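What follows is a short report on a single structure.
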Amino acid sequence: MTRFIIWRLALMIPTLLLISIISFVVIQLPPGDIVTSTLDELLADGMEASEEQIAALRAMYHLDAPMPVRYLRWLGGMLRGDFGYSVQHQQPVSELIGERIALTVVVALSSLLLTWALALPTGILTAVKQYSPLDYAATVLAMLGMAVPNFMLALLVMWGAFTWFGVSIGGLFSPAYVDAPWSVARVLDLLKHLWVPMVVLGVGGTAGMVRIMRANLLDELRKPYVTTARAKGMRYWRVVLKYPVRIAVNPFISGIGVVLPMLFSGDAIVGVVLGLPTTGPLLLDALMNQDMYLAGSFIMILSALSVLGVLISDVALAMLDPRIRYD
Amino acid sequence: MNRTADEITARNPDAAASGGARADDDSVLTVENLEVRFDTEEGELSAVDDVSFAMRRGRILAIVGESGCGKSVTSYAILRLIQKPGRITGGTITFRPRGRPPVAITDLAENAEALRRLRGGDISMIFQEPMTALSPVHTVGNQIVEAILLHQDVSQADARARTVEMLGKVGIPAPERRIDQYPFEMSGGMRQRVVIAMALVCNPEILIADEPTTALDVTIQAQVMGLMKSLQRDLDTSVLLITHDLGVVAQLADDVCVMYLGRIVEQGTVRQVIHTPRHPYTIALLKSLPSLALKKARLPSIAGSVPALSARPPGCPFHPRCPHARHGVCDVGNPPPSEHLGAGHYAACLRVEEVARSEGRMPDVECRMPNAGTAKDNS
Ligand SMILES: Nc1ncnc2c1ncn2[C@@H]1O[C@H](COP(=O)(O)OP(=O)(O)O)[C@@H](O)[C@H]1O
Ligand code: SF4
Ligand SMILES: [Mg+2]
């Protein structure tokens, strides 16, 4: 097991390097660079910069060094926590995204936990009680859940909260706490708001997960080892929980690996609708405004987190299934 | 036909006296008029129909027949393991443990504690597929220890010691190391030994083995069969052996039931059924044995194939394939009743006398099992 983990950690290094190269290429992709865009902005404000100023700027950003050197500088900067500078926000990228990434992880993990809490028992029940009224009801709900896009669900929840409770629940904080420093009160305020994205994202993911769990478990329930266990004299539910569920649960574990990327890309729209200070909306914004250092660093950090998620899920899978760790 | 096993013995005292596969005082398990149906798209189909037999204590009773004739369903029914869309729709199954009152298994509730104690405790089962009969993600030790703890009030450590001992008994080398292995680290033969160990670890009175060697290599088949026979003798277990191989029956069993399309067509002792078969189906099965076929330098197989349950022929279910079938006799009415031919030998054929006259005596079935009692295969 230890060897497996070390091996997987070692594999992360080339993966991350590859991602960093791609991110860097993304940063370099648009015509012009940070100096030309700064100049453009100065021009737009009716100001001009002298040749010397421009040269100083170029030197400051090492823009005249060859590409590999600039890549290595960028990489080195990131290792020290320096992710470059956002032209659009006139702020270091690290300051801009630190909290957002933390909040994104919180939102992602809490909605994943909710998905598990809902989908695991529902999936097990619908498989064990196949073709029962409960199974049919869950199937209809799951189809609805899959047909309704998450942003629709987000709008519905907001509308519902507004009409029934008279509260506007966009964002993760009340206005008073948006820019406040972290405190117990701010955490409580976060928890008060967290349930909306948690429900929207968690419920959205539940429908698919229930179907997967049901199908997997139905497959496993038919396997001979289930009959063997029943023939041993185990109670039916103990059999179900110890043997087939243990194997059918794999997609839930793999879910750890995909939930972050899912939240960063597909659910950006949900983030926008809900006004979440998470990464999705900011990344979207950065890409639209060609704020390339911001976008590139973002992609880099999020990818690294995703790789970490996959690592965690792989280790968990290996702990659950000896066939994986003995390969 | 709706006789109970007791009535049968009452009317045929010689059946009780000379053994065979019908009930008497020495029975450890009796099955009477068992019927199992499956709810399918083609309607309700009887997979097992009016099946009656008794297992003699300490003996091996074989159920033999082509694939699909209802052997597995019969054996699953004994432990009430039939799953939807199937269910037991009639008959009684009675377990007669030593020194305890009989248990009517068919009367127990699905979730009865008594049924749970029976399973794996008094009656245990070995399945056909050693590759999939064990959980792939638990060690073999975990799975065997669990079986012990379910039925015996012992500590984890004692259960583990008992498991190691049992693994050794079934011929697994280095059992104290193997106990912590996963099934995928073992060969098919080793896994089947593990399954046998798990089935016997609680000292059951009855062992049901559903084609325990069909999925194994021929040499390993012989080893595992030999192992089962010697364990059965040592532990004084009564065995219900499901097989499609009359050669194995001749080698191992004491009594035989021959099944065709969910019904028992012939039953008796091995001597009776193998050496003086009376039902055309049994005769056809014996003639298609490789050892006999070779002697005759041709390969007769039974004409035609087993019909689907949904197309069960009227009259005698075997008539479309039977060389002795008589139009207007064999293909009308109900299936022929099981007739007592004497000394506990039964056959369900309307033309037993004519068949006996035209077939004569069967040549002896060769015993083709090498002596493999404790031989070991390596994984
Ligand atoms: N789950 C099931 N659904 C429908 N029919 C079944 C099912 N299981 C068994 N049967 C029917 O029962 C018959 C007997 O099956 P089985 O006892 O497994 O035969 P075998 O003698 O080969 O062990 C089969 O022909 C099949 O049609
Ligand atoms: S009853 Fe007729 S068809 Fe059936 S086995 Fe006897 S002879 Fe053959
Ligand atoms: Mg079978």
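Ordering of the structure tokens sets the chain letters (A, B, ...), residue numbers begin anew at 1 in every chain, and ligands are numbered from 1 in the order given.
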
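Inspection of the environment of ligand 1, which uses only C-alpha atoms and all ligand atoms and a cut-off of 7 Å, identifies the neighbouring residues as Phe38, Asp39, Thr40, Ala47, Gly65, Glu66, Ser67, Gly68, Cys69, Gly70, Lys71, Ser72, Val73, Thr74, Lys84, Pro85, Gly86, Gly262, Ala308 and Leu309 of chain B.
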
Open item on the list: Can you work out which residues are within 8 Å of ligand 2, considering only C-alpha atoms and all ligand atoms, and then hand them over as a list in words?
Closed with: His279, Pro280, Tyr281, Gly315, Cys316, Pro317, Phe318, His319, Pro320, Arg321, Cys322, Pro323, His324, Ala325, Arg326, Val329, Cys330, Asp331, Pro335, Pro336, Ala348, Cys349, Leu350, Arg351, Val352 and Val355 of chain B

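Scanning range 18-124 of chain A with DSSP on the backbone, the strand (DSSP E or B) assignments fall on A:Tyr85, A:Ser86, A:Gln91, A:Pro92.
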
TODO: With a distance threshold of 10 Å and counting only C-alpha atoms, extract the residues of chain B near chain A and express them as JSON, numbers by chain.
DONE: {"B": [76, 79, 80, 81, 82, 83, 111, 112, 113, 114, 115, 116, 117, 118, 119, 120, 121, 123, 124, 125, 126, 127, 128, 129, 130, 131, 132, 133, 134, 135, 136, 137, 138, 139, 143, 144, 146, 147, 148, 150, 151, 181, 182, 183, 184, 185, 195, 198, 199, 202]}

- [ ] Find, counting only C-alpha atoms, the residue in A:Ser297, A:Ser174, A:Thr115, A:Ser94 that gets nearest to Gly204 in chain A.
- [x]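 Closest candidate: A:Thr115.
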
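Note that CA of Pro307 in chain B and CA of Leu261 in chain B are 8.0 Å apart.
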
TODO: Could you check which of A:Ser183, A:Asn250, A:Ser132, A:Asn289 is closest to Val87 in chain A, using only C-alpha atoms?
DONE: A:Asn289

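For Gly98 in chain A, the non-local neighbours within 12 Å, defined as residues at least 3 positions apart in the same chain or in other chains and counting only C-alpha atoms, are Gly81, Asp82, Phe83, Pro92, Val93, Ser94, Glu95, Ile101, Ala102, Leu103, Thr104, Val105, Pro277, Thr278, Thr279, Leu282, Leu294, Ser297, Phe298, Ile301 and Leu302 of chain A.
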
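In this model, the gap between CA of Val265 in chain B and CA of Leu341 in chain B comes to 12.7 Å.
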
- [ ] For CA of Leu79 in chain A and CA of Pro281 in chain A, determine how far apart the two atoms are, in Å to one decimal place.
- [x]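 Between CA of Leu79 in chain A and CA of Pro281 in chain A the gap works out to 25.2 Å.
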
Open item on the list: Would you pick out the contacts of Ile19 in chain A at 9 Å or less, using only C-alpha atoms, so that residues sharing its chain but fewer than 5 positions from it are not included, and give the list as number ranges by chain?
Closed with: A: 14, 24, 299-300, 303-304

TODO: Using DSSP on the backbone, list every residue of range 63-230 of chain B that comes out as alpha helix (DSSP H), and give them as an MDAnalysis selection string.
DONE: chainID B and resid 71:78 113:118 140:151 156:169 175:178 188:200 218:230

- [ ] Identify, on the basis of only C-alpha atoms, every residue whose closest approach to Ala154 in chain A does not exceed 10 Å; exclude the query and any residue fewer than 6 positions from it along the same chain; express the result as number ranges by chain.
- [x] A: 160, 170, 196-197, 199-201, 204, 269-274

Just want the 6 Å neighbourhood of range 55-58 of chain B, counted on only C-alpha atoms, with same-chain residues fewer than 6 positions away dropped. Output as a PDB file with N, CA, C and O atoms, in the first residue's frame.
ATOM      1  N   ASP B  26     -34.125 -43.325   8.665  1.00  0.00           N
ATOM      2  CA  ASP B  26     -32.734 -42.933   8.656  1.00  0.00           C
ATOM      3  C   ASP B  26     -32.491 -41.699   7.787  1.00  0.00           C
ATOM      4  O   ASP B  26     -31.366 -41.322   7.539  1.00  0.00           O
ATOM      5  N   SER B  27     -33.596 -41.069   7.333  1.00  0.00           N
ATOM      6  CA  SER B  27     -33.421 -39.916   6.438  1.00  0.00           C
ATOM      7  C   SER B  27     -32.965 -38.697   7.226  1.00  0.00           C
ATOM      8  O   SER B  27     -33.465 -38.422   8.306  1.00  0.00           O
ATOM      9  N   VAL B  28     -32.045 -37.938   6.658  1.00  0.00           N
ATOM     10  CA  VAL B  28     -31.624 -36.697   7.298  1.00  0.00           C
ATOM     11  C   VAL B  28     -32.358 -35.527   6.658  1.00  0.00           C
ATOM     12  O   VAL B  28     -32.537 -34.476   7.264  1.00  0.00           O
ATOM     13  N   LEU B  29     -32.830 -35.734   5.444  1.00  0.00           N
ATOM     14  CA  LEU B  29     -33.599 -34.689   4.759  1.00  0.00           C
ATOM     15  C   LEU B  29     -34.621 -35.356   3.844  1.00  0.00           C
ATOM     16  O   LEU B  29     -34.282 -36.279   3.109  1.00  0.00           O
ATOM     17  N   ASP B 236     -18.512 -37.667   8.576  1.00  0.00           N
ATOM     18  CA  ASP B 236     -19.810 -38.313   8.615  1.00  0.00           C
ATOM     19  C   ASP B 236     -20.917 -37.360   8.175  1.00  0.00           C
ATOM     20  O   ASP B 236     -21.968 -37.251   8.802  1.00  0.00           O
ATOM     21  N   THR B 237     -20.633 -36.624   7.107  1.00  0.00           N
ATOM     22  CA  THR B 237     -21.613 -35.673   6.577  1.00  0.00           C
ATOM     23  C   THR B 237     -22.496 -36.381   5.554  1.00  0.00           C
ATOM     24  O   THR B 237     -22.034 -37.281   4.858  1.00  0.00           O
ATOM     25  N   SER B 238     -23.754 -35.963   5.469  1.00  0.00           N
ATOM     26  CA  SER B 238     -24.606 -36.449   4.381  1.00  0.00           C
ATOM     27  C   SER B 238     -24.465 -35.461   3.232  1.00  0.00           C
ATOM     28  O   SER B 238     -24.491 -34.255   3.447  1.00  0.00           O
TER      29      SER B 238
END

Open item on the list: Just checking: using only C-alpha atoms and all ligand atoms, which residue out of B:Ala109, B:Leu235, B:Ala209, B:Ala303 ends up closest to ligand 3?
Closed with: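 With only C-alpha atoms and all ligand atoms as the atom set, the closest residue is B:Ala209.
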
Task: For Gln223 in chain B, the nearest of the candidates B:Gly268, B:Gly171, B:Gly247, B:Pro290, counting only C-alpha atoms - done: B:Gly171
